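Colleague: Structure file query_35.cif (mmCIF, C-alpha atoms) is given on the next line.
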```cif
data_input
loop_
_atom_site.label_atom_id
_atom_site.label_comp_id
_atom_site.auth_asym_id
_atom_site.auth_seq_id
_atom_site.Cartn_x
_atom_site.Cartn_y
_atom_site.Cartn_z
CA MET A 1 13.66 -21.59 6.46
CA LYS A 2 16.24 -19.09 7.70
CA SER A 3 15.87 -16.75 10.65
CA ILE A 4 16.34 -13.04 9.99
CA ASN A 5 19.83 -12.06 11.11
CA ASP A 6 19.74 -8.31 10.56
CA HIS A 7 18.00 -5.66 12.68
CA ASN A 8 16.78 -3.49 9.81
CA PRO A 9 13.26 -4.59 8.80
CA ILE A 10 13.07 -2.21 5.83
CA ALA A 11 16.23 -3.76 4.38
CA HIS A 12 14.79 -7.21 4.94
CA PHE A 13 11.49 -6.19 3.30
CA GLN A 14 13.49 -5.02 0.29
CA LYS A 15 15.28 -8.37 0.14
CA TRP A 16 12.07 -10.37 0.32
CA PHE A 17 10.25 -8.09 -2.13
CA TYR A 18 12.87 -8.47 -4.84
CA GLU A 19 13.25 -12.21 -4.26
CA VAL A 20 9.51 -12.72 -4.69
CA ASP A 21 9.31 -10.34 -7.64
CA THR A 22 12.21 -12.09 -9.40
CA ASN A 23 11.42 -15.73 -8.64
CA TYR A 24 7.61 -15.70 -8.77
CA PRO A 25 6.54 -13.61 -11.78
CA ALA A 26 2.93 -14.80 -11.43
CA GLN A 27 2.74 -13.18 -7.99
CA GLU A 28 1.53 -9.57 -7.97
CA THR A 29 4.26 -8.56 -5.55
CA ASN A 30 3.14 -4.97 -4.93
CA ALA A 31 -0.52 -5.83 -4.17
CA MET A 32 -1.25 -5.18 -0.52
CA LEU A 33 -4.31 -5.30 1.71
CA LEU A 34 -4.80 -1.89 3.32
CA SER A 35 -6.92 -1.84 6.47
CA THR A 36 -8.30 1.35 8.02
CA ILE A 37 -10.79 2.17 10.77
CA GLY A 38 -13.92 3.32 8.95
CA LEU A 39 -16.01 6.32 9.91
CA ASP A 40 -18.54 3.87 11.37
CA GLY A 41 -15.91 2.55 13.76
CA PHE A 42 -15.42 -0.79 12.01
CA PRO A 43 -12.23 -1.92 10.24
CA LYS A 44 -12.37 -1.97 6.45
CA SER A 45 -9.89 -3.56 4.04
CA ARG A 46 -9.22 -3.24 0.33
CA ILE A 47 -6.43 -4.06 -2.12
CA VAL A 48 -4.17 -1.17 -3.15
CA LEU A 49 -0.82 -1.14 -4.91
CA LEU A 50 2.49 -0.34 -3.28
CA LYS A 51 4.17 2.16 -5.59
CA ARG A 52 7.37 2.83 -3.68
CA PHE A 53 9.08 2.11 -0.40
CA THR A 54 11.83 4.05 1.31
CA TRP A 55 13.67 3.91 4.62
CA GLU A 56 10.78 5.96 6.03
CA GLY A 57 7.91 3.78 4.87
CA PHE A 58 5.54 2.48 2.21
CA ILE A 59 3.85 4.71 -0.37
CA PHE A 60 0.57 4.32 -2.24
CA PHE A 61 -1.66 6.77 -4.13
CA THR A 62 -5.40 7.33 -4.02
CA ASN A 63 -8.26 9.82 -4.05
CA TYR A 64 -8.12 11.71 -0.75
CA ASN A 65 -11.93 11.96 -0.81
CA SER A 66 -12.39 8.20 -1.07
CA GLU A 67 -13.71 6.17 1.85
CA LYS A 68 -10.18 5.16 2.84
CA GLY A 69 -8.94 8.74 2.51
CA LYS A 70 -11.67 10.01 4.83
CA ALA A 71 -10.95 7.17 7.27
CA ILE A 72 -7.23 8.04 7.36
CA GLU A 73 -8.08 11.71 7.91
CA THR A 74 -10.04 10.71 11.03
CA ASN A 75 -7.74 7.95 12.30
CA ASN A 76 -4.39 7.44 10.61
CA ASN A 77 -3.60 4.12 12.32
CA VAL A 78 -3.51 1.59 9.49
CA SER A 79 -2.12 -1.80 8.56
CA ILE A 80 -0.95 -3.32 5.30
CA TYR A 81 -0.58 -7.00 4.52
CA PHE A 82 1.37 -8.74 1.76
CA ASN A 83 0.36 -12.33 1.06
CA TRP A 84 3.06 -13.79 -1.16
CA ALA A 85 1.48 -17.24 -1.17
CA LEU A 86 3.61 -18.67 -3.99
CA SER A 87 6.76 -18.09 -1.96
CA LYS A 88 5.08 -19.06 1.34
CA ARG A 89 5.86 -15.65 2.78
CA GLU A 90 3.72 -12.96 4.38
CA VAL A 91 4.44 -9.49 5.71
CA LEU A 92 2.16 -7.59 8.11
CA ILE A 93 2.88 -3.93 8.81
CA SER A 94 1.19 -1.58 11.29
CA GLY A 95 1.85 2.13 11.25
CA LYS A 96 0.57 5.64 10.70
CA ALA A 97 -0.42 7.02 7.29
CA GLU A 98 0.56 10.57 6.35
CA LYS A 99 0.15 12.53 3.13
CA ILE A 100 3.37 12.88 1.19
CA PRO A 101 4.49 16.35 -0.02
CA GLU A 102 2.45 17.75 -2.90
CA ASN A 103 5.44 17.96 -5.24
CA LEU A 104 6.08 14.22 -4.84
CA SER A 105 2.46 13.42 -5.67
CA GLU A 106 2.68 15.70 -8.71
CA GLY A 107 5.88 14.00 -9.85
CA TYR A 108 4.30 10.56 -9.69
CA PHE A 109 1.09 11.78 -11.36
CA ASP A 110 3.10 13.21 -14.25
CA SER A 111 4.69 9.79 -14.82
CA ARG A 112 1.33 8.05 -15.26
CA PRO A 113 -0.17 7.21 -18.69
CA GLU A 114 -2.70 9.71 -20.06
CA GLY A 115 -5.60 7.30 -19.51
CA SER A 116 -4.72 6.91 -15.84
CA LYS A 117 -4.50 10.68 -15.43
CA LEU A 118 -7.94 11.14 -16.97
CA SER A 119 -9.43 8.41 -14.77
CA ALA A 120 -8.29 10.34 -11.68
CA TRP A 121 -10.47 13.23 -12.87
CA VAL A 122 -13.39 11.09 -14.02
CA SER A 123 -13.81 8.57 -11.22
CA HIS A 124 -14.66 9.93 -7.78
CA GLN A 125 -13.99 6.93 -5.55
CA SER A 126 -16.83 5.83 -3.26
CA GLU A 127 -19.28 8.07 -5.18
CA VAL A 128 -22.66 6.53 -5.96
CA ILE A 129 -23.72 7.12 -9.58
CA SER A 130 -26.94 6.21 -11.36
CA SER A 131 -25.43 4.91 -14.59
CA ARG A 132 -22.24 4.22 -16.51
CA ASN A 133 -23.20 7.01 -18.92
CA ILE A 134 -22.25 9.57 -16.28
CA LEU A 135 -18.66 8.33 -16.26
CA GLU A 136 -18.53 8.12 -20.06
CA ASN A 137 -19.82 11.68 -20.39
CA ARG A 138 -17.30 12.92 -17.83
CA LEU A 139 -14.50 11.19 -19.72
CA LYS A 140 -15.52 12.86 -22.99
CA ALA A 141 -15.70 16.24 -21.28
CA TYR A 142 -12.22 15.92 -19.77
CA GLU A 143 -10.76 14.60 -23.03
CA ILE A 144 -11.99 17.80 -24.68
CA LYS A 145 -10.85 20.01 -21.79
CA PHE A 146 -7.31 18.63 -21.73
CA LYS A 147 -6.86 18.00 -25.46
CA ASN A 148 -3.27 18.88 -26.47
CA LYS A 149 -2.62 20.08 -22.90
CA THR A 150 -0.72 18.78 -19.91
CA ILE A 151 -3.17 17.02 -17.62
CA PRO A 152 -2.70 18.43 -14.09
CA LYS A 153 -3.04 16.42 -10.90
CA PRO A 154 -6.41 16.93 -9.18
CA GLN A 155 -6.10 18.54 -5.75
CA TYR A 156 -8.01 15.63 -4.21
CA TRP A 157 -5.57 12.98 -5.49
CA GLY A 158 -2.18 12.11 -4.07
CA GLY A 159 0.03 9.82 -2.05
CA TYR A 160 0.27 8.51 1.48
CA ILE A 161 3.31 7.13 3.23
CA ILE A 162 2.76 4.52 5.90
CA LYS A 163 5.45 4.93 8.54
CA PRO A 164 5.75 1.55 10.27
CA CYS A 165 5.91 0.90 13.99
CA ILE A 166 5.52 -2.90 13.75
CA ILE A 167 6.68 -5.17 10.91
CA GLU A 168 6.12 -8.92 11.01
CA PHE A 169 7.70 -11.38 8.60
CA ILE A 170 6.04 -14.81 8.41
CA GLU A 171 7.61 -17.68 6.49
CA GLN A 172 6.21 -21.20 6.13
CA ASP A 173 8.32 -24.33 6.02
CA PRO A 174 6.08 -27.22 4.89
CA GLN A 175 8.87 -29.75 5.41
CA ILE A 176 8.76 -29.32 9.16
CA GLY A 177 5.18 -28.04 9.33
CA CYS A 178 6.21 -24.84 11.06
CA ASN A 179 5.82 -21.08 10.63
CA CYS A 180 8.59 -18.70 11.63
CA THR A 181 7.44 -15.18 12.58
CA THR A 182 9.96 -12.40 13.11
CA LYS A 183 8.39 -9.35 14.70
CA PHE A 184 10.10 -5.96 14.73
CA LYS A 185 8.84 -3.12 16.94
CA LEU A 186 10.07 0.46 16.70
CA GLN A 187 11.39 1.72 20.04
CA SER A 188 11.39 5.25 21.45
CA ASP A 189 15.05 5.64 20.45
CA TYR A 190 14.12 4.69 16.85
CA ASN A 191 15.92 1.37 17.03
CA TRP A 192 14.04 -1.84 16.31
CA SER A 193 13.50 -4.66 18.79
CA LYS A 194 13.21 -8.16 17.36
CA GLU A 195 11.27 -11.20 18.54
CA ILE A 196 11.23 -14.59 16.82
CA ARG A 197 8.65 -17.29 17.41
CA TYR A 198 7.86 -20.64 15.81
CA THR A 199 4.33 -21.98 15.54
CA LYS A 200 2.79 -25.09 14.04
CA ALA A 201 1.48 -24.43 10.55
CA PRO A 202 -2.32 -24.75 10.14
#
```
Translate the structure described by the file into structure tokens.
Modeller:
Amino acid sequence: MKSINDHNPIAHFQKWFYEVDTNYPAQETNAMLLSTIGLDGFPKSRIVLLKRFTWEGFIFFTNYNSEKGKAIETNNNVSIYFNWALSKREVLISGKAEKIPENLSEGYFDSRPEGSKLSAWVSHQSEVISSRNILENRLKAYEIKFKNKTIPKPQYWGGYIIKPCIIEFIEQDPQIGCNCTTKFKLQSDYNWSKEIRYTKAP
């Protein structure tokens, strides 16, 4: 176990991400648990996929009309959690979610396979339907509508960037039975403070 020497948590996230992705191919490195405050006031969590990260934050895509989209519209305080169990590493990030510019969402949508583009039109997340036939009929209708045409991005679909204010890196060392947590907090001058603590592993 090595303590984190730098003061740039995004750079350290990049280092960990690529180490896990390279050394643990069975680990779905970009799977993250997104937690929002639901419209009923209770926290709700679901797995989404990290599609990109930049110096500003962490980007994922979804239906803006989904339950999580409506929750973010009401309260954009969110958290994401990466559990890289095979490498004995975890990352917990708290921040604010904001829609990315429309042209960036369109650019990513255009890069998706045709089937994924059609599914964005067919499946209205969080919608209650009476049977699978409804989805199958929608798919057929959109296949006909967009046959031999460029499939456009639906207005209700796009990306969010989570701009972090707290990033915690947790690493387990089974040899000494200890967890090392390095917590970064964004300060008012946009520098990061750093706190390191060691705790006994469960």
Colleague: Pick from A:Gln155, A:Asn77, A:Ser116, A:Ser45: nearest to Asn63 (chain A), with all atoms listed in the file counted?
Modeller: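 Between A:Gln155, A:Asn77, A:Ser116, A:Ser45, the residue approaching Asn63 (chain A) most closely is A:Gln155.
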Colleague: What does the distance between CA of Glu168 (chain A) and CA of Lys183 (chain A) come to in Å, to one decimal place?
Modeller: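 Value for the CA of Glu168 (chain A)-CA of Lys183 (chain A) distance: 4.4 Å.
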Colleague: Which residue gives the smallest distance to Phe82 (chain A) among A:Ile170, A:Ile151, A:Ala26, A:Cys180, with all atoms listed in the file counted?
Modeller: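 Using all atoms listed in the file, the shortest distance to Phe82 (chain A) belongs to A:Ile170.
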Colleague: Can you measure CA of Ile166 (chain A) to CA of Phe60 (chain A) for me? One decimal in Å is fine.
Modeller: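 Between CA of Ile166 (chain A) and CA of Phe60 (chain A) the gap works out to 18.2 Å.
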Colleague: Using the chain letters and numbers from the file, give me the residues hit by the PyMOL selection byres ((chain A and resi 69) around 12), as number ranges by chain.
Modeller: A: 34-39, 44, 60-68, 70-76, 78, 97-99, 124-126, 156-160
Colleague: Rank A:Gln187, A:Asn23, A:Asn30, A:Ser105 by their smallest atom-to-atom distance to Lys153 (chain A), using only C-alpha atoms, and report the top residue only.
Modeller: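 Among the listed residues, the smallest separation from Lys153 (chain A) belongs to A:Ser105.
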Colleague: If you take every atom of region 152-159 of chain A that the file lists and fit an axis-aligned box around them with 8 Å extra on each side, what centre and edge lengths come out in Å to one decimal, as lines of an AutoDock Vina configuration file?
Modeller:
```
center_x = -4.0
center_y = 14.2
center_z = -8.1
size_x = 24.0
size_y = 24.7
size_z = 28.0
```
Colleague: Using all atoms listed in the file, pick whichever of A:Val91, A:Leu118, A:Ala141, A:Leu50 has the shortest atom-to-atom distance to His12 (chain A).
Modeller: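 Ranked by minimum distance to His12 (chain A), first place goes to A:Val91.
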Colleague: Selected by the PyMOL selection byres ((chain A and resi 85) around 12) in the shown coordinates: which residues, as a list in words?
Modeller: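 Checking the PyMOL selection byres ((chain A and resi 85) around 12) against this file, the residues are Val20, Tyr24, Ala26, Gln27, Glu28, Thr29, Ala31, Tyr81, Phe82, Asn83, Trp84, Leu86, Ser87, Lys88, Arg89, Glu90, Val91, Ile170, Glu171 and Gln172 of chain A.
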Colleague: How many Å separate CA of Ile167 (chain A) from CA of Pro101 (chain A)?
Modeller: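 Separation between CA of Ile167 (chain A) and CA of Pro101 (chain A): 24.2 Å.
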Colleague: Compile the contact shell of region 192-194 of chain A as a list in words: residues with an atom at most 8 Å away, counting only C-alpha atoms, same-chain residues fewer than 3 positions apart removed.
Modeller: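 In the requested form, the answer reads His7, Asn8, Thr182, Lys183, Phe184, Lys185, Leu186 and Gln187 of chain A.
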Colleague: Got a sec to resolve the PyMOL selection byres ((chain A and resi 174) around 10) on this structure and send the residues as number ranges by chain?
Modeller: A: 1, 88, 171-173, 175-179, 200-201
Colleague: Find the residue from A:Ser79, A:Arg132, A:Pro154, A:Glu56 that sits nearest to Glu106 (chain A); use all atoms listed in the file when measuring.
Modeller: A:Pro154
Colleague: Compile the contact shell of Lys149 (chain A) as a PyMOL selection string: residues with an atom at most 12 Å away, counting all atoms listed in the file, same-chain residues fewer than 5 positions apart removed.
Modeller: chain A and resi 114+118+142-144
Colleague: May I ask which of the residues A:Arg197, A:Lys147, A:Lys163, A:Lys96 is the closest one to Phe58 (chain A), counting all atoms listed in the file?
Modeller: A:Lys163
